[in-house]
$ cat my_file_34.txt   # compact mmCIF, C-alpha atoms and all ligand atoms
# COMPACT_ATOMS: atom_id res chain seq x y z
CA MET I 1 3.93 -16.95 21.93
CA LYS I 2 2.99 -13.41 22.92
CA ASP I 3 0.78 -11.36 20.64
CA THR I 4 3.55 -8.88 20.09
CA GLU I 5 5.98 -11.55 18.86
CA LEU I 6 3.42 -13.04 16.53
CA SER I 7 2.43 -9.69 15.17
CA ARG I 8 6.00 -8.64 14.58
CA ARG I 9 6.66 -11.76 12.51
CA ASP I 10 3.46 -11.20 10.56
CA LEU I 11 4.36 -7.58 10.09
CA LEU I 12 7.78 -8.36 8.69
CA ASN I 13 6.40 -11.09 6.46
CA ALA I 14 3.88 -8.63 5.14
CA ALA I 15 6.63 -6.09 4.55
CA ARG I 16 8.68 -8.58 2.55
CA VAL I 17 6.03 -9.11 -0.08
CA GLY I 18 4.62 -5.64 -0.03
CA ALA I 19 4.03 -3.40 -2.99
CA LEU I 20 3.29 0.26 -2.53
CA GLY I 21 0.07 1.87 -3.68
CA ALA I 22 0.80 4.99 -5.67
CA ALA I 23 -0.90 8.23 -4.72
CA THR I 24 -2.51 10.62 -7.15
CA ILE I 25 -3.58 14.22 -7.36
CA GLY I 26 -4.91 14.95 -10.80
CA SER I 27 -2.17 14.95 -13.43
CA LEU I 28 0.47 15.14 -10.73
CA GLY I 29 -0.88 11.89 -9.39
CA ALA I 30 -0.41 10.23 -12.75
CA GLN I 31 3.22 11.35 -12.74
CA VAL I 32 3.78 9.99 -9.24
CA ALA I 33 2.11 6.75 -10.21
CA ALA I 34 4.20 6.43 -13.36
CA ALA I 35 7.37 7.12 -11.46
CA ALA I 36 6.58 4.96 -8.45
CA THR I 37 4.99 1.80 -9.78
CA GLY I 38 7.96 0.31 -11.62
CA PRO I 39 10.30 -2.21 -9.99
CA GLN I 40 10.72 -1.16 -6.37
CA PRO I 41 14.25 -1.78 -5.21
CA HIS I 42 14.30 -2.35 -1.50
CA GLY I 43 17.68 -2.24 0.13
CA ALA I 44 18.53 -5.84 -0.66
CA GLY I 45 19.78 -6.30 2.86
CA LEU I 46 16.73 -4.78 4.47
CA PHE I 47 16.08 -7.92 6.50
CA GLY I 48 19.67 -9.09 6.59
CA ILE I 49 19.29 -12.36 4.75
CA GLU I 50 18.44 -11.66 1.12
CA ALA I 51 21.87 -10.78 -0.17
CA LEU I 52 25.45 -10.24 0.79
CA PRO I 53 26.62 -6.64 0.79
CA ASP I 54 28.25 -5.34 -2.37
CA PRO I 55 32.05 -5.20 -2.31
CA LEU I 56 33.23 -1.64 -1.67
CA ALA I 57 34.39 -1.16 -5.25
CA ARG I 58 30.90 -1.85 -6.59
CA ARG I 59 29.03 0.35 -4.14
CA VAL I 60 27.30 3.54 -5.24
CA ARG I 61 29.34 6.51 -4.02
CA TRP I 62 27.67 9.37 -2.17
CA ALA I 63 28.41 12.96 -1.22
CA VAL I 64 26.54 14.23 1.86
CA VAL I 65 25.72 17.95 1.70
CA GLY I 66 25.15 19.66 5.06
CA LEU I 67 26.51 18.00 8.19
CA GLY I 68 23.71 18.89 10.58
CA ASN I 69 21.76 17.17 13.28
CA PHE I 70 19.86 14.70 11.11
CA ALA I 71 22.67 13.86 8.71
CA VAL I 72 25.23 13.31 11.46
CA GLY I 73 22.87 11.63 13.91
CA GLN I 74 20.91 9.34 11.58
CA MET I 75 21.83 9.19 7.92
CA ILE I 76 25.63 9.10 7.98
CA PRO I 77 25.74 6.23 10.52
CA ALA I 78 23.16 4.37 8.39
CA PHE I 79 25.64 4.21 5.51
CA LEU I 80 27.57 1.74 7.65
CA GLN I 81 24.53 -0.57 7.53
CA ALA I 82 23.83 -0.03 3.83
CA GLN I 83 24.68 -2.86 1.43
CA HIS I 84 25.06 -0.96 -1.82
CA ALA I 85 26.37 2.46 -0.83
CA ARG I 86 29.28 4.24 0.75
CA ILE I 87 30.14 7.86 1.46
CA THR I 88 33.06 9.30 -0.46
CA ALA I 89 32.59 13.06 0.05
CA PHE I 90 31.31 15.61 2.55
CA VAL I 91 30.12 19.11 1.64
CA SER I 92 30.01 21.57 4.52
CA GLY I 93 30.45 25.19 5.52
CA ASN I 94 32.31 24.06 8.60
CA PRO I 95 35.77 22.67 7.68
CA GLY I 96 36.65 21.54 11.22
CA LYS I 97 33.49 19.48 11.63
CA ALA I 98 33.87 18.06 8.12
CA ALA I 99 37.49 17.04 8.78
CA ASP I 100 36.54 15.38 12.05
CA LEU I 101 33.71 13.39 10.47
CA ALA I 102 35.89 12.55 7.48
CA ALA I 103 38.46 10.99 9.81
CA ARG I 104 35.78 9.00 11.61
CA TYR I 105 34.17 7.66 8.45
CA GLY I 106 37.22 7.32 6.20
CA VAL I 107 36.00 10.01 3.79
CA THR I 108 38.73 11.64 1.72
CA ARG I 109 36.95 14.28 -0.38
CA LEU I 110 35.84 17.51 1.22
CA TYR I 111 34.00 20.38 -0.46
CA SER I 112 32.62 23.69 0.72
CA TYR I 113 29.42 25.25 -0.62
CA ASP I 114 31.63 27.46 -2.83
CA THR I 115 33.64 24.57 -4.30
CA PHE I 116 30.61 22.26 -4.52
CA ASP I 117 30.26 22.53 -8.33
CA GLN I 118 33.67 20.86 -8.70
CA ILE I 119 32.02 17.52 -7.96
CA ALA I 120 31.15 17.58 -11.67
CA HIS I 121 34.75 16.48 -12.21
CA ASP I 122 34.82 13.99 -9.34
CA PRO I 123 34.41 10.43 -10.61
CA GLU I 124 34.17 9.20 -7.01
CA VAL I 125 30.72 10.72 -6.53
CA ASP I 126 27.60 9.16 -8.11
CA CYS I 127 24.83 10.42 -5.82
CA VAL I 128 24.33 13.50 -3.69
CA TYR I 129 22.26 13.57 -0.49
CA ILE I 130 20.97 17.06 0.35
CA ALA I 131 20.47 17.60 4.11
CA LEU I 132 20.39 21.39 4.13
CA PRO I 133 17.68 23.76 5.37
CA VAL I 134 14.65 23.64 3.07
CA GLY I 135 15.32 27.05 1.54
CA LEU I 136 18.57 25.70 0.07
CA HIS I 137 17.19 22.40 -1.31
CA ALA I 138 16.34 23.64 -4.80
CA GLU I 139 19.62 25.48 -5.37
CA PHE I 140 21.87 22.62 -4.29
CA THR I 141 19.75 19.92 -5.92
CA ILE I 142 19.88 21.73 -9.25
CA ARG I 143 23.64 22.36 -8.92
CA ALA I 144 24.21 18.66 -8.20
CA LEU I 145 22.05 17.57 -11.14
CA LYS I 146 23.89 19.98 -13.43
CA ALA I 147 27.11 18.37 -12.19
CA GLY I 148 25.71 15.08 -13.54
CA LYS I 149 24.94 13.46 -10.18
CA HIS I 150 21.77 11.71 -8.97
CA VAL I 151 20.12 13.50 -6.04
CA LEU I 152 18.23 12.35 -2.98
CA CYS I 153 16.87 15.52 -1.37
CA GLU I 154 15.51 15.72 2.16
CA LYS I 155 11.85 16.45 2.82
CA PRO I 156 10.10 18.80 2.31
CA MET I 157 11.33 18.89 -1.27
CA ALA I 158 11.57 22.71 -1.56
CA SER I 159 10.01 26.01 -0.52
CA THR I 160 7.51 26.20 -3.38
CA SER I 161 5.94 23.99 -6.04
CA ALA I 162 7.68 26.17 -8.65
CA GLU I 163 11.04 25.18 -7.16
CA CYS I 164 9.98 21.52 -7.16
CA ARG I 165 9.11 21.74 -10.84
CA ALA I 166 12.49 23.33 -11.61
CA MET I 167 14.22 20.49 -9.75
CA ILE I 168 12.29 17.86 -11.71
CA ALA I 169 13.08 19.64 -14.98
CA ALA I 170 16.78 19.74 -14.05
CA ALA I 171 16.73 15.98 -13.37
CA GLN I 172 15.05 15.33 -16.69
CA SER I 173 17.49 17.41 -18.68
CA ALA I 174 20.46 15.86 -16.86
CA GLY I 175 19.05 12.34 -17.29
CA ARG I 176 19.58 11.69 -13.58
CA GLN I 177 17.37 10.37 -10.76
CA LEU I 178 15.75 12.73 -8.28
CA GLY I 179 14.25 11.35 -5.09
CA VAL I 180 12.77 12.91 -1.96
CA ALA I 181 13.90 11.35 1.31
CA TYR I 182 10.56 10.08 2.62
CA ARG I 183 12.20 7.44 4.80
CA VAL I 184 8.83 6.06 5.97
CA HIS I 185 8.37 4.39 2.56
CA PHE I 186 11.34 2.18 3.48
CA ASP I 187 10.12 1.42 7.00
CA PRO I 188 8.92 -2.22 7.22
CA PHE I 189 6.26 -1.23 9.75
CA ASN I 190 4.70 1.39 7.49
CA ILE I 191 5.04 -0.79 4.40
CA ALA I 192 3.26 -3.60 6.22
CA ALA I 193 0.50 -1.24 7.39
CA ALA I 194 -0.06 -0.06 3.80
CA ASP I 195 -0.17 -3.68 2.66
CA MET I 196 -2.72 -4.64 5.32
CA ILE I 197 -4.96 -1.77 4.24
CA LYS I 198 -4.54 -2.68 0.59
CA ALA I 199 -5.37 -6.32 1.36
CA GLY I 200 -8.69 -5.19 2.88
CA ASP I 201 -7.86 -6.02 6.52
CA PHE I 202 -9.94 -3.01 7.62
CA GLY I 203 -12.66 -3.20 4.99
CA THR I 204 -13.24 -0.05 3.01
CA VAL I 205 -11.17 2.81 4.40
CA ARG I 206 -13.39 5.79 5.25
CA HIS I 207 -11.24 8.11 7.32
CA LEU I 208 -7.57 8.85 7.93
CA ILE I 209 -6.53 11.07 10.82
CA ALA I 210 -2.93 12.24 11.18
CA GLU I 211 -1.52 14.22 14.10
CA ASN I 212 2.01 15.56 14.20
CA CYS I 213 3.03 17.96 16.95
CA LEU I 214 6.40 18.99 18.30
CA GLU I 215 7.35 21.85 20.60
CA ILE I 216 9.79 23.98 18.67
CA ASP I 217 12.65 25.56 20.59
CA PRO I 218 13.99 28.82 19.16
CA ALA I 219 17.21 28.38 21.16
CA TYR I 220 18.01 24.98 19.59
CA PRO I 221 20.17 25.55 16.48
CA PRO I 222 18.39 23.08 14.14
CA HIS I 223 15.09 24.80 15.02
CA VAL I 224 16.33 28.34 14.38
CA TRP I 225 16.14 28.20 10.57
CA ARG I 226 12.81 26.34 10.74
CA LEU I 227 11.22 29.49 12.18
CA THR I 228 12.32 31.65 9.22
CA ARG I 229 10.40 31.87 5.96
CA ALA I 230 13.57 32.05 3.84
CA LEU I 231 15.14 28.82 5.14
CA GLY I 232 12.10 26.96 6.47
CA GLY I 233 9.89 27.49 3.43
CA GLY I 234 6.81 27.23 5.66
CA GLY I 235 6.10 26.35 9.26
CA SER I 236 4.94 23.25 11.13
CA MET I 237 3.10 21.85 8.10
CA PHE I 238 6.23 22.01 5.94
CA ASP I 239 8.51 20.47 8.50
CA TYR I 240 6.40 18.06 10.55
CA GLY I 241 2.83 17.95 9.31
CA ILE I 242 4.19 16.71 5.99
CA TYR I 243 4.79 13.30 7.60
CA GLY I 244 1.06 13.03 8.32
CA LEU I 245 0.05 14.23 4.87
CA ASN I 246 2.47 11.92 3.08
CA GLY I 247 1.55 9.10 5.48
CA CYS I 248 -2.17 9.47 4.70
CA LEU I 249 -1.43 9.30 0.98
CA MET I 250 0.83 6.29 1.50
CA MET I 251 -2.00 4.50 3.31
CA ALA I 252 -4.84 5.80 1.13
CA PRO I 253 -6.53 3.32 -1.15
CA ASP I 254 -8.57 6.21 -2.63
CA THR I 255 -5.78 8.24 -4.08
CA THR I 256 -7.55 11.15 -5.73
CA PRO I 257 -7.97 14.16 -3.44
CA ILE I 258 -10.51 16.63 -4.75
CA ASP I 259 -10.32 19.50 -2.30
CA VAL I 260 -8.74 20.66 0.96
CA SER I 261 -9.77 23.11 3.64
CA ALA I 262 -7.71 24.32 6.58
CA ILE I 263 -7.45 26.73 9.48
CA TYR I 264 -4.37 28.05 11.25
CA THR I 265 -3.98 27.09 14.91
CA THR I 266 -0.91 29.21 15.71
CA PRO I 267 -1.06 30.19 19.39
CA ARG I 268 -2.03 33.84 19.71
CA GLY I 269 0.81 36.20 20.62
CA ASP I 270 3.49 33.52 20.44
CA THR I 271 6.53 35.42 19.23
CA ARG I 272 8.16 32.29 17.80
CA PHE I 273 5.77 32.43 14.88
CA ALA I 274 6.44 35.83 13.36
CA GLN I 275 7.38 34.36 9.98
CA VAL I 276 5.86 30.88 9.70
CA GLU I 277 2.69 29.24 10.97
CA GLY I 278 2.85 27.52 14.34
CA GLY I 279 0.03 25.15 13.53
CA VAL I 280 -2.58 24.19 10.97
CA GLN I 281 -5.50 21.79 10.84
CA TRP I 282 -6.55 20.50 7.44
CA ARG I 283 -9.22 18.30 5.88
CA MET I 284 -9.09 16.61 2.52
CA ARG I 285 -11.88 14.95 0.56
CA PHE I 286 -11.24 12.22 -1.98
CA ALA I 287 -13.10 11.33 -5.15
CA GLY I 288 -14.25 7.99 -3.73
CA GLY I 289 -15.71 9.54 -0.56
CA MET I 290 -12.81 8.91 1.81
CA THR I 291 -11.66 11.78 4.02
CA ALA I 292 -8.30 12.61 5.56
CA GLN I 293 -7.60 15.19 8.20
CA GLY I 294 -4.47 16.34 9.91
CA THR I 295 -3.22 18.41 12.81
CA SER I 296 0.23 19.86 12.51
CA SER I 297 1.72 21.93 15.30
CA TYR I 298 4.97 23.43 16.52
CA ALA I 299 3.25 24.06 19.89
CA GLY I 300 2.49 20.68 21.41
CA ALA I 301 5.04 18.07 22.31
CA HIS I 302 5.52 14.52 21.20
CA VAL I 303 2.52 13.63 19.04
CA ASN I 304 3.09 11.46 15.99
CA ARG I 305 0.18 9.26 15.07
CA LEU I 306 -2.02 8.08 12.24
CA LEU I 307 -5.44 6.48 12.57
CA VAL I 308 -6.95 4.44 9.75
CA ALA I 309 -10.70 3.84 10.15
CA GLY I 310 -12.41 1.37 7.84
CA THR I 311 -15.73 -0.43 7.65
CA GLY I 312 -14.05 -3.57 9.00
CA GLY I 313 -11.83 -2.20 11.74
CA SER I 314 -9.15 0.31 12.58
CA LEU I 315 -5.40 0.66 12.80
CA ALA I 316 -4.10 3.21 15.30
CA MET I 317 -0.43 3.82 14.58
CA ASP I 318 1.21 5.57 17.53
CA PRO I 319 3.92 6.53 16.98
CA ALA I 320 3.41 6.21 13.25
CA ASN I 321 6.59 7.49 11.67
CA VAL I 322 9.38 8.08 14.16
CA TYR I 323 12.95 6.81 13.74
CA ASP I 324 12.55 3.82 16.01
CA ARG I 325 9.89 1.58 17.45
CA ASN I 326 6.76 2.51 15.56
CA ARG I 327 3.73 0.76 17.06
CA ALA I 328 0.08 0.15 16.31
CA LEU I 329 -3.15 -1.20 17.71
CA ARG I 330 -5.31 -3.24 15.34
CA ARG I 331 -8.98 -3.45 16.29
CA ARG I 332 -11.51 -5.55 14.43
CA PRO I 333 -15.05 -6.58 15.40
CA LYS I 334 -15.28 -9.91 17.24
CA GLU I 335 -11.51 -10.29 17.45
CA PRO I 336 -9.15 -9.56 20.32
CA ASP I 337 -7.24 -6.32 19.88
CA LEU I 338 -3.78 -6.86 18.51
CA VAL I 339 -0.78 -4.81 19.59
CA ILE I 340 1.78 -4.51 16.84
CA ASP I 341 5.08 -3.56 18.38
CA THR I 342 8.16 -3.55 16.20
CA VAL I 343 10.49 -3.40 19.23
CA ALA I 344 13.80 -3.36 17.38
CA SER I 345 15.16 -0.31 15.63
CA GLN I 346 13.92 0.15 12.11
CA PRO I 347 16.26 -0.27 9.15
CA GLN I 348 14.50 2.51 7.26
CA PHE I 349 17.53 4.77 6.83
CA ALA I 350 19.79 2.11 5.32
CA GLY I 351 16.85 0.83 3.27
CA GLN I 352 16.30 4.29 1.86
CA ILE I 353 19.97 4.72 1.00
CA ASP I 354 20.11 1.31 -0.68
CA GLY I 355 16.81 1.84 -2.47
CA PHE I 356 17.99 5.05 -4.06
CA SER I 357 21.46 3.65 -4.79
CA LEU I 358 19.98 0.75 -6.75
CA ALA I 359 17.55 3.01 -8.58
CA ALA I 360 20.45 5.23 -9.65
CA ARG I 361 22.81 2.40 -10.52
CA ASP I 362 20.29 0.26 -12.39
CA ASN I 363 18.29 3.19 -13.83
CA VAL I 364 14.97 1.96 -12.47
CA PRO I 365 12.19 4.04 -10.89
CA HIS I 366 12.66 5.23 -7.34
CA ARG I 367 9.93 4.65 -4.76
CA THR I 368 9.74 8.29 -3.62
CA PRO I 369 10.41 10.34 -6.75
CA GLY I 370 10.53 14.11 -7.12
CA GLU I 371 6.95 14.00 -8.38
CA MET I 372 5.83 12.79 -4.95
CA GLY I 373 7.62 15.73 -3.31
CA LEU I 374 5.96 18.11 -5.78
CA ARG I 375 2.54 16.56 -5.07
CA ASP I 376 2.94 17.16 -1.34
CA ILE I 377 4.18 20.75 -1.67
CA THR I 378 1.30 21.45 -4.08
CA LEU I 379 -1.16 20.12 -1.48
CA ILE I 380 0.47 22.13 1.32
CA GLU I 381 0.21 25.28 -0.80
CA ALA I 382 -3.50 24.51 -1.20
CA ILE I 383 -3.78 24.01 2.58
CA TYR I 384 -2.18 27.43 3.14
CA ARG I 385 -4.44 29.03 0.51
CA SER I 386 -7.49 27.70 2.29
CA ALA I 387 -6.23 28.79 5.73
CA ASP I 388 -5.36 32.24 4.33
CA ALA I 389 -8.95 32.46 3.08
CA GLY I 390 -10.38 31.52 6.48
CA GLY I 391 -11.01 27.86 5.70
CA ALA I 392 -12.79 27.92 2.35
CA PRO I 393 -12.29 24.66 0.40
CA VAL I 394 -9.63 24.78 -2.32
CA LYS I 395 -9.86 22.40 -5.26
CA VAL I 396 -6.72 20.34 -5.91
P1 LIG U 1 20.41 21.25 10.98
O1 LIG U 1 20.27 22.71 11.18
O2 LIG U 1 20.89 20.44 12.14
O3 LIG U 1 21.40 20.94 9.76
C1 LIG U 1 21.42 21.70 8.59
C2 LIG U 1 22.86 21.83 8.12
O4 LIG U 1 22.86 22.56 6.89
C3 LIG U 1 23.77 22.66 9.05
O5 LIG U 1 24.34 21.89 10.07
C4 LIG U 1 24.81 23.17 8.09
O6 LIG U 1 25.77 22.15 7.86
C5 LIG U 1 24.05 23.31 6.78
N1 LIG U 1 23.71 24.72 6.46
C6 LIG U 1 24.13 25.37 5.35
N2 LIG U 1 23.66 26.62 5.34
C7 LIG U 1 22.96 26.78 6.47
C8 LIG U 1 22.25 27.88 7.02
N3 LIG U 1 22.16 29.06 6.39
N4 LIG U 1 21.64 27.71 8.21
C9 LIG U 1 21.68 26.53 8.85
N5 LIG U 1 22.35 25.44 8.37
C10 LIG U 1 22.98 25.58 7.19
O7 LIG U 1 19.00 20.72 10.47
P2 LIG U 1 18.45 19.23 10.39
O8 LIG U 1 19.57 18.28 10.32
O9 LIG U 1 17.45 19.04 11.43
O10 LIG U 1 17.66 19.26 8.99
C11 LIG U 1 18.35 19.18 7.75
C12 LIG U 1 17.40 18.64 6.70
O11 LIG U 1 16.99 17.34 7.06
C13 LIG U 1 16.12 19.45 6.51
O12 LIG U 1 15.75 19.44 5.17
C14 LIG U 1 15.09 18.69 7.33
O13 LIG U 1 13.77 18.89 6.89
C15 LIG U 1 15.56 17.27 7.10
N6 LIG U 1 15.18 16.35 8.17
C16 LIG U 1 14.62 15.16 7.82
C17 LIG U 1 14.24 14.26 8.77
C18 LIG U 1 13.66 12.95 8.36
O14 LIG U 1 13.19 12.21 9.22
N7 LIG U 1 13.68 12.62 7.08
C19 LIG U 1 14.39 14.56 10.20
C20 LIG U 1 15.04 15.82 10.47
C21 LIG U 1 15.41 16.67 9.48
P3 LIG U 1 27.33 22.47 7.83
O15 LIG U 1 27.66 23.00 9.18
O16 LIG U 1 27.95 21.16 7.51
O17 LIG U 1 27.51 23.49 6.74
$ encode --input "my_file_34.txt" --output "structure tokens"
Amino acid sequence: MKDTELSRRDLLNAARVGALGAATIGSLGAQVAAAATGPQPHGAGLFGIEALPDPLARRVRWAVVGLGNFAVGQMIPAFLQAQHARITAFVSGNPGKAADLAARYGVTRLYSYDTFDQIAHDPEVDCVYIALPVGLHAEFTIRALKAGKHVLCEKPMASTSAECRAMIAAAQSAGRQLGVAYRVHFDPFNIAAADMIKAGDFGTVRHLIAENCLEIDPAYPPHVWRLTRALGGGGSMFDYGIYGLNGCLMMAPDTTPIDVSAIYTTPRGDTRFAQVEGGVQWRMRFAGGMTAQGTSSYAGAHVNRLLVAGTGGSLAMDPANVYDRNRALRRRPKEPDLVIDTVASQPQFAGQIDGFSLAARDNVPHRTPGEMGLRDITLIEAIYRSADAGGAPVKV
């Protein structure tokens, strides 16, 4: 048997039994921990054998808000693989596109952004998935919660921590679930990596290094709003570096950050970055002595990796959190290096949809609650504060 086959089986076995370590940042950390350590509903069909899919009539019914690149290319098709969910409504500013997709997916209810609030009277919608530009997340999340629906909102949660808090308050007063779509927490590869770290496979973790770079194209429509403050919220750190930050905290056994420092790395004179930062490098210290550092950039193509360095070895995840085929190299003293290659496409999208559907239906905690989104935006604000001040450490 090849190493890669063996490791894949081990990886999936590890993912099956895995529990997720909760991350903390002061009192926010306690809220994340409280929200994220209850029963953790995986998509029951995550590995295809645990359960039969729910009959259509029992499935949790979803409205998808914003029919853009990610929703149309990844999330909407994943509903066809989900076991507990189905789409019943689309919400779009583009009636032609919505009608075309509705015909393809058998969706009968169409709303515009103006008629969106009428979902309050639609018994065929239980959950709302927000896939709009970041600057619109808070408004549409709060409108959906006020309409009495559960909400799974795309990352990053919102433009500011104040907006995140308002979203959480709206969920609490509506008595509905609010989740942030951190799909990586439903990726068997990443779950298995977190479990290996937690099991001590790399000894005591000392350092985490995350690097997330993509070359942003101002002519590509989904990138246009990302370069504006109003719709992007922030720059590369908000959109792409957040995967590294959230990934470090998912892998971190020492979950109490104490301070962050950062510098901007925006290329000089690059006119793409008039409103948002093109890059930032950050460092975070934890109470137990562990450190994490990250590079986030909109000016550097195709980097997506996370390195975990412990006293007993290292795990180099590269790519760490893409849609498909995440891979890693495990290195431990006196052992042959082990390539962990997941090969097949990851069921993370359907797992995320099913996980949130079950949390909403059974009223149990969701694995990536609003408090986790708030924690990350709070940390990114601290990163920006430090970078604005020329790199001085900011307590968190
Ligand atoms: P797109 O620009 O492709 O899609 C956004 C959609 O929002 C548009 O197609 C449009 O849908 C709607 N919209 C409403 N108002 C506006 C506006 N003023 N400007 C632009 N679009 C508007 O972006 P993405 O699909 O790449 O990103 C959408 C969300 O998904 C973001 O929050 C992003 O961070 C997140 N995302 C998450 C990923 C993940 O891995 N979890 C990966 C990529 C993105 P319509 O025409 O139907 O009205």
$ residues_near_ligand --input "my_file_34.txt" --ligand "ligand LIG 1 (chain U)" --cutoff "8 Å" --atoms "only C-alpha atoms and all ligand atoms" --output "MDAnalysis selection string"
chainID I and resid 65:72 91:95 97:98 112:113 130:134 136:137 153:157 181:183 221:225 231 239 322:323
$ closest_residue --input "my_file_34.txt" --among "I:Thr108, I:Thr311, I:Thr342, I:Asn321" --to "Trp62 of chain I" --atoms "all atoms listed in the file"
I:Thr108
$ atom_distance --input "my_file_34.txt" --atom1 "atom CA of Val394 of chain I" --atom2 "atom CA of Ala262 of chain I"
9.1 Å
$ residues_around --input "my_file_34.txt" --residues "Ala292 of chain I" --least-positions-apart "3" --cutoff "12 Å" --atoms "only C-alpha atoms" --output "NGL selection string"
:I and (205-211 or 244-262 or 281-289 or 295 or 306-309)
$ residues_around --input "my_file_34.txt" --residues "Ala63 of chain I" --least-positions-apart "4" --cutoff "8 Å" --atoms "only C-alpha atoms" --output "JSON, numbers by chain"
{"I": [87, 88, 89, 90, 91, 125, 126, 127, 128, 129]}
$ closest_residue --input "my_file_34.txt" --among "I:Gly106, I:Ile142, I:Arg272, I:Arg332" --to "Gly200 of chain I" --atoms "all atoms listed in the file"
I:Arg332
$ closest_residue --input "my_file_34.txt" --among "I:Thr266, I:Ser314, I:Ser386, I:Thr368" --to "Phe186 of chain I" --atoms "only C-alpha atoms"
I:Thr368
$ atom_distance --input "my_file_34.txt" --atom1 "atom CA of Leu227 of chain I" --atom2 "atom CA of Thr271 of chain I"
10.3 Å
$ atom_distance --input "my_file_34.txt" --atom1 "atom CA of Lys146 of chain I" --atom2 "atom CA of Arg176 of chain I"
9.3 Å
$ residues_around --input "my_file_34.txt" --residues "Ala138 of chain I" --least-positions-apart "6" --cutoff "12 Å" --atoms "all atoms listed in the file" --output "PyMOL selection string"
chain I and resi 130-132+144-145+151-171+178+180+231+233+370+373-374
$ write_last_selection --input "my_file_34.txt" --atoms "C-alpha atoms" --output "PDB file, in the frame of the given file"
ATOM      1  CA  ILE I 130      20.970  17.060   0.350  1.00  0.00           C
ATOM      2  CA  ALA I 131      20.470  17.600   4.110  1.00  0.00           C
ATOM      3  CA  LEU I 132      20.390  21.390   4.130  1.00  0.00           C
ATOM      4  CA  ALA I 144      24.210  18.660  -8.200  1.00  0.00           C
ATOM      5  CA  LEU I 145      22.050  17.570 -11.140  1.00  0.00           C
ATOM      6  CA  VAL I 151      20.120  13.500  -6.040  1.00  0.00           C
ATOM      7  CA  LEU I 152      18.230  12.350  -2.980  1.00  0.00           C
ATOM      8  CA  CYS I 153      16.870  15.520  -1.370  1.00  0.00           C
ATOM      9  CA  GLU I 154      15.510  15.720   2.160  1.00  0.00           C
ATOM     10  CA  LYS I 155      11.850  16.450   2.820  1.00  0.00           C
ATOM     11  CA  PRO I 156      10.100  18.800   2.310  1.00  0.00           C
ATOM     12  CA  MET I 157      11.330  18.890  -1.270  1.00  0.00           C
ATOM     13  CA  ALA I 158      11.570  22.710  -1.560  1.00  0.00           C
ATOM     14  CA  SER I 159      10.010  26.010  -0.520  1.00  0.00           C
ATOM     15  CA  THR I 160       7.510  26.200  -3.380  1.00  0.00           C
ATOM     16  CA  SER I 161       5.940  23.990  -6.040  1.00  0.00           C
ATOM     17  CA  ALA I 162       7.680  26.170  -8.650  1.00  0.00           C
ATOM     18  CA  GLU I 163      11.040  25.180  -7.160  1.00  0.00           C
ATOM     19  CA  CYS I 164       9.980  21.520  -7.160  1.00  0.00           C
ATOM     20  CA  ARG I 165       9.110  21.740 -10.840  1.00  0.00           C
ATOM     21  CA  ALA I 166      12.490  23.330 -11.610  1.00  0.00           C
ATOM     22  CA  MET I 167      14.220  20.490  -9.750  1.00  0.00           C
ATOM     23  CA  ILE I 168      12.290  17.860 -11.710  1.00  0.00           C
ATOM     24  CA  ALA I 169      13.080  19.640 -14.980  1.00  0.00           C
ATOM     25  CA  ALA I 170      16.780  19.740 -14.050  1.00  0.00           C
ATOM     26  CA  ALA I 171      16.730  15.980 -13.370  1.00  0.00           C
ATOM     27  CA  LEU I 178      15.750  12.730  -8.280  1.00  0.00           C
ATOM     28  CA  VAL I 180      12.770  12.910  -1.960  1.00  0.00           C
ATOM     29  CA  LEU I 231      15.140  28.820   5.140  1.00  0.00           C
ATOM     30  CA  GLY I 233       9.890  27.490   3.430  1.00  0.00           C
ATOM     31  CA  GLY I 370      10.530  14.110  -7.120  1.00  0.00           C
ATOM     32  CA  GLY I 373       7.620  15.730  -3.310  1.00  0.00           C
ATOM     33  CA  LEU I 374       5.960  18.110  -5.780  1.00  0.00           C
TER      34      LEU I 374
END
$ closest_residue --input "my_file_34.txt" --among "I:Met196, I:Ala359, I:Leu110, I:Ile383" --to "Gly294 of chain I" --atoms "only C-alpha atoms"
I:Ile383
$ residues_around --input "my_file_34.txt" --residues "segment 316-319 of chain I" --least-positions-apart "3" --cutoff "6 Å" --atoms "all atoms listed in the file" --output "JSON, numbers by chain"
{"I": [304, 305, 306, 307, 326, 327, 328, 329]}
$ axis_aligned_box --input "my_file_34.txt" --around "segment 190-197 of chain I" --padding-each-side "8 Å" --output "AutoDock Vina command-line options"
--center_x 0.0 --center_y -1.6 --center_z 5.1 --size_x 26.0 --size_y 22.0 --size_z 20.8
$ closest_residue --input "my_file_34.txt" --among "I:Asp122, I:Asp195, I:Asp388, I:Asp337" --to "Glu277 of chain I" --atoms "all atoms listed in the file"
I:Asp388
